[in-house]
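The structure appears below as structure tokens.
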Amino acid sequence: MTKPYNIFIEGIPGSGKSTLLDTLSRHFTDYRVYREGDISPVELAWCAYMSEDAYRQSLLDLADMRGEVERNTIKEGVQYIVPYTKIKTGNYHFYEYMEKFEVYGGRKDPSEFREIILRRFLDFHSNGNVFECSFFQNIIEELMLYAMFSDQQIVDFYVELAALLDLSAFKLIRLVSPDIRQCIQTIKEERVNPEGEEVWYLMMIDYLNRSPYGAAHQIQDFEGMVSHFKRRIALESEVMKLLPAGCCFDIESKHYDTADLLRIFNDSPDD
């Protein structure tokens with residue numbers, strides 16, 4: 001590799017993002033890897049984002065978990081970030097309590113959500129990182145489903161976001177499936193509990209249907225889910241067109257050659 005990049009791995013559920021992240025981490029051993037749910041410098045999936053007052057109160061309300069919370073918390077400016085899903089406990093009240101402080105799921109109004117994400121990307125200045133789901137998946141889902149942004153509003157947001165990036169060190173690898181419907185059907189059948197219940201599919205349908213966009217568009221079944229992901233993929237493609245050549249790459253989900261993939265980085269010229 002000729003220079004350290006920030007590598008963003010994207011793709012719809014079931015496309016193989018975690019597998020690709022594992023592959024890249026084995027080749028780029030000096031890179032810092034951020035999996036979904038880690039405290040990432042740019043994204044906040046599955047993390048509580050708390051004011052000092054809320055954080056101090058949580059230590060009182062969750063006294064039996066205080067040590068674990070404190071060990072896993074970082075302070076960022078005036079905010080406290082807790083990657084609560086990384087803390088293992090049988091106390092499910094803990095997860096319900098912390099979930100209330102996520103920035104996703106309509107818990108922040110669109111202007112505040114936008115400000116939080118843009119500020120964190122603005123303050124991000126390091127290279128040599130690999131990120132899972134940190135540029136598209138969680139952000140664009142929030143803008144689609146809860147902010148209910150139009151397609152143009154979403155593209156405009158990403159124009160602002162891209163202006164904050166060091167694009168000379170930016171690589172986005174998107175895993176794409178030639179058959180979106182089959183991709184979703186496969187993960188629907190694979191992610192089941194021991195009783196055979198399609199737990200991922202039921203959770204995803206509930207997530208979509210409870211969102212303002214999902215309720216307004218009656219996303220209640222498999223066809224609605226497929227339609228949602230088709231819209232997301234189309235929006236991602238529009239955003240990728242806005243970025244300079246050599247920044248974004250589509251590779252076929254689960255059918256790529258690792259050597260060809262690595263040439264994306266090895267063939268890139270030094271600045």
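Residues in the structure tokens are numbered from 1 in each chain, the chains being A, B, ... in the order shown, and ligands are numbered from 1 in the order shown.
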
Per residue of stretch 121-155 of chain A within 8 Å of stretch 101-116 of chain A, record the nearest atom pair and its distance in Å to one decimal, counting only C-alpha atoms, with rows in chain order and ascending residue number, as JSON lines.
```
{"residue": "A:Asn138", "atom": "CA", "partner": "A:Tyr104", "partner_atom": "CA", "distance": 7.9}
{"residue": "A:Glu142", "atom": "CA", "partner": "A:Tyr104", "partner_atom": "CA", "distance": 6.3}
{"residue": "A:Leu143", "atom": "CA", "partner": "A:Pro110", "partner_atom": "CA", "distance": 7.7}
{"residue": "A:Tyr146", "atom": "CA", "partner": "A:Gly106", "partner_atom": "CA", "distance": 5.2}
{"residue": "A:Ala147", "atom": "CA", "partner": "A:Pro110", "partner_atom": "CA", "distance": 5.4}
```

TODO: Mind listing the strand (DSSP E or B) residues of stretch 110-165 of chain A, per DSSP on the backbone, as an MDAnalysis selection string?
DONE: chainID A and resid 129:132

How would the residues just chosen look if you wrote them out with N, CA and C atoms as an mmCIF file, in the first residue's frame?
```
data_model
loop_
_atom_site.group_PDB
_atom_site.id
_atom_site.type_symbol
_atom_site.label_atom_id
_atom_site.label_comp_id
_atom_site.auth_asym_id
_atom_site.auth_seq_id
_atom_site.Cartn_x
_atom_site.Cartn_y
_atom_site.Cartn_z
ATOM 1 N N ASN A 129 -7.468 3.810 8.899
ATOM 2 C CA ASN A 129 -8.602 3.232 9.618
ATOM 3 C C ASN A 129 -9.498 2.465 8.647
ATOM 4 N N VAL A 130 -10.144 1.423 9.161
ATOM 5 C CA VAL A 130 -11.165 0.684 8.400
ATOM 6 C C VAL A 130 -12.467 0.770 9.181
ATOM 7 N N PHE A 131 -13.518 1.220 8.515
ATOM 8 C CA PHE A 131 -14.814 1.430 9.159
ATOM 9 C C PHE A 131 -15.881 0.542 8.535
ATOM 10 N N GLU A 132 -16.739 0.007 9.383
ATOM 11 C CA GLU A 132 -17.882 -0.791 8.931
ATOM 12 C C GLU A 132 -19.166 0.026 9.096
#
```

TODO: Pick out the residues sitting within 12 Å of A:Asp38, and hand them over as a list of chain:residue names; count only C-alpha atoms, and ignore anything fewer than 4 positions along from it in its own chain.
DONE: A:Arg32, A:Val33, A:Tyr34, A:Val42, A:Glu43, A:Leu44, A:Ala45, A:Trp46, A:Cys47, A:Ala48, A:Asn72, A:Thr73, A:Ile74, A:Ile81, A:Val82, A:Pro83, A:Tyr84, A:Thr85, A:Lys86, A:Ile87, A:Val130, A:Phe131, A:Glu132, A:Cys133, A:Ser134

Would you mind exporting N, CA and C atoms of the selected residues as a compact mmCIF listing (two decimals), in the first residue's frame?
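After the write, again29.txt holds the following:
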```
# COMPACT_ATOMS: atom_id res chain seq x y z
N ARG A 32 -6.28 0.63 12.14
CA ARG A 32 -7.24 0.54 13.25
C ARG A 32 -8.59 0.15 12.66
N VAL A 33 -9.19 -0.89 13.21
CA VAL A 33 -10.45 -1.42 12.68
C VAL A 33 -11.60 -1.02 13.60
N TYR A 34 -12.64 -0.45 13.02
CA TYR A 34 -13.84 -0.05 13.77
C TYR A 34 -15.02 -0.87 13.26
N VAL A 42 -16.07 8.65 13.88
CA VAL A 42 -16.96 9.30 12.93
C VAL A 42 -18.42 8.91 13.07
N GLU A 43 -18.72 7.83 13.76
CA GLU A 43 -20.08 7.31 13.72
C GLU A 43 -20.46 6.76 15.09
N LEU A 44 -21.74 6.64 15.36
CA LEU A 44 -22.19 6.35 16.73
C LEU A 44 -23.17 5.18 16.82
N ALA A 45 -23.10 4.25 15.89
CA ALA A 45 -24.04 3.13 15.93
C ALA A 45 -23.90 2.34 17.21
N TRP A 46 -25.05 2.02 17.84
CA TRP A 46 -25.11 1.18 19.03
C TRP A 46 -24.32 1.78 20.20
N CYS A 47 -24.25 3.08 20.24
CA CYS A 47 -23.59 3.76 21.35
C CYS A 47 -24.55 4.77 21.98
N ALA A 48 -24.48 4.89 23.31
CA ALA A 48 -25.20 5.96 24.00
C ALA A 48 -24.36 7.22 23.92
N ASN A 72 -15.81 1.47 29.98
CA ASN A 72 -16.07 1.47 28.54
C ASN A 72 -16.45 2.84 27.98
N THR A 73 -16.37 3.87 28.78
CA THR A 73 -16.82 5.20 28.38
C THR A 73 -15.65 6.08 27.96
N ILE A 74 -15.86 6.88 26.92
CA ILE A 74 -14.92 7.95 26.62
C ILE A 74 -15.67 9.27 26.66
N ILE A 81 -19.61 8.98 25.63
CA ILE A 81 -20.01 7.94 24.69
C ILE A 81 -19.80 6.58 25.32
N VAL A 82 -20.87 5.78 25.34
CA VAL A 82 -20.82 4.45 25.94
C VAL A 82 -21.22 3.42 24.88
N PRO A 83 -20.30 2.54 24.46
CA PRO A 83 -20.65 1.48 23.51
C PRO A 83 -21.38 0.36 24.24
N TYR A 84 -22.62 0.62 24.57
CA TYR A 84 -23.32 -0.22 25.56
C TYR A 84 -23.57 -1.65 25.08
N THR A 85 -23.66 -1.86 23.75
CA THR A 85 -23.90 -3.23 23.28
C THR A 85 -22.65 -4.09 23.40
N LYS A 86 -21.51 -3.47 23.65
CA LYS A 86 -20.26 -4.22 23.86
C LYS A 86 -20.16 -4.74 25.30
N ILE A 87 -21.01 -4.23 26.18
CA ILE A 87 -21.01 -4.65 27.58
C ILE A 87 -21.97 -5.82 27.72
N VAL A 130 -10.14 1.42 9.16
CA VAL A 130 -11.16 0.68 8.40
C VAL A 130 -12.47 0.77 9.18
N PHE A 131 -13.52 1.22 8.51
CA PHE A 131 -14.81 1.43 9.16
C PHE A 131 -15.88 0.54 8.53
N GLU A 132 -16.74 0.01 9.38
CA GLU A 132 -17.88 -0.79 8.93
C GLU A 132 -19.17 0.03 9.10
N CYS A 133 -19.89 0.24 7.99
CA CYS A 133 -21.23 0.87 8.02
C CYS A 133 -21.20 2.34 8.46
N SER A 134 -20.08 3.01 8.38
CA SER A 134 -19.97 4.33 9.00
C SER A 134 -20.20 5.51 8.06
```

- [ ] Would you mind reading off the distance between atom CA of A:Tyr5 and atom CA of A:Ile140, one decimal, in Å?
- [x]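 Those two atoms sit 22.5 Å apart.
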
Task: All residues 10 Å or closer to stretch 161-163 of chain A, only C-alpha atoms, same chain fewer than 3 positions away omitted, as a PyMOL selection string - done: chain A and resi 114+117-119+121-122+135+155-158+166-167+170+239+242-243

Selection above as a file: C-alpha atoms, as a PDB file, in the first residue's frame:
```
ATOM      1  CA  ARG A 114     -27.087  16.474  11.151  1.00  0.00           C
ATOM      2  CA  ILE A 117     -22.589  13.741  12.432  1.00  0.00           C
ATOM      3  CA  LEU A 118     -21.038  16.632  10.518  1.00  0.00           C
ATOM      4  CA  ARG A 119     -19.139  17.851  13.581  1.00  0.00           C
ATOM      5  CA  PHE A 121     -16.478  14.044  10.660  1.00  0.00           C
ATOM      6  CA  LEU A 122     -15.092  17.603  10.787  1.00  0.00           C
ATOM      7  CA  PHE A 135     -20.519   6.360   5.831  1.00  0.00           C
ATOM      8  CA  VAL A 155     -27.746  13.998  -1.569  1.00  0.00           C
ATOM      9  CA  ASP A 156     -27.294  17.583  -0.329  1.00  0.00           C
ATOM     10  CA  PHE A 157     -26.362  16.292   3.128  1.00  0.00           C
ATOM     11  CA  TYR A 158     -23.674  14.085   1.630  1.00  0.00           C
ATOM     12  CA  ASP A 166      -9.714  14.310   3.022  1.00  0.00           C
ATOM     13  CA  LEU A 167     -10.715  12.654  -0.237  1.00  0.00           C
ATOM     14  CA  PHE A 170     -10.780   8.180   1.245  1.00  0.00           C
ATOM     15  CA  VAL A 239     -23.695  10.089  -3.734  1.00  0.00           C
ATOM     16  CA  LEU A 242     -20.332  13.043  -6.631  1.00  0.00           C
ATOM     17  CA  LEU A 243     -16.994  11.843  -5.294  1.00  0.00           C
TER      18      LEU A 243
END
```

Open item on the list: Please report the interatomic distance between atom CA of A:Ile7 and atom CA of A:Arg231 in Å with one decimal.
Closed with: 23.7 Å

TODO: Would you mind reading off the distance between atom CA of A:Met203 and atom CA of A:Ala216, one decimal, in Å?
DONE: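 So the answer is 18.5 Å.
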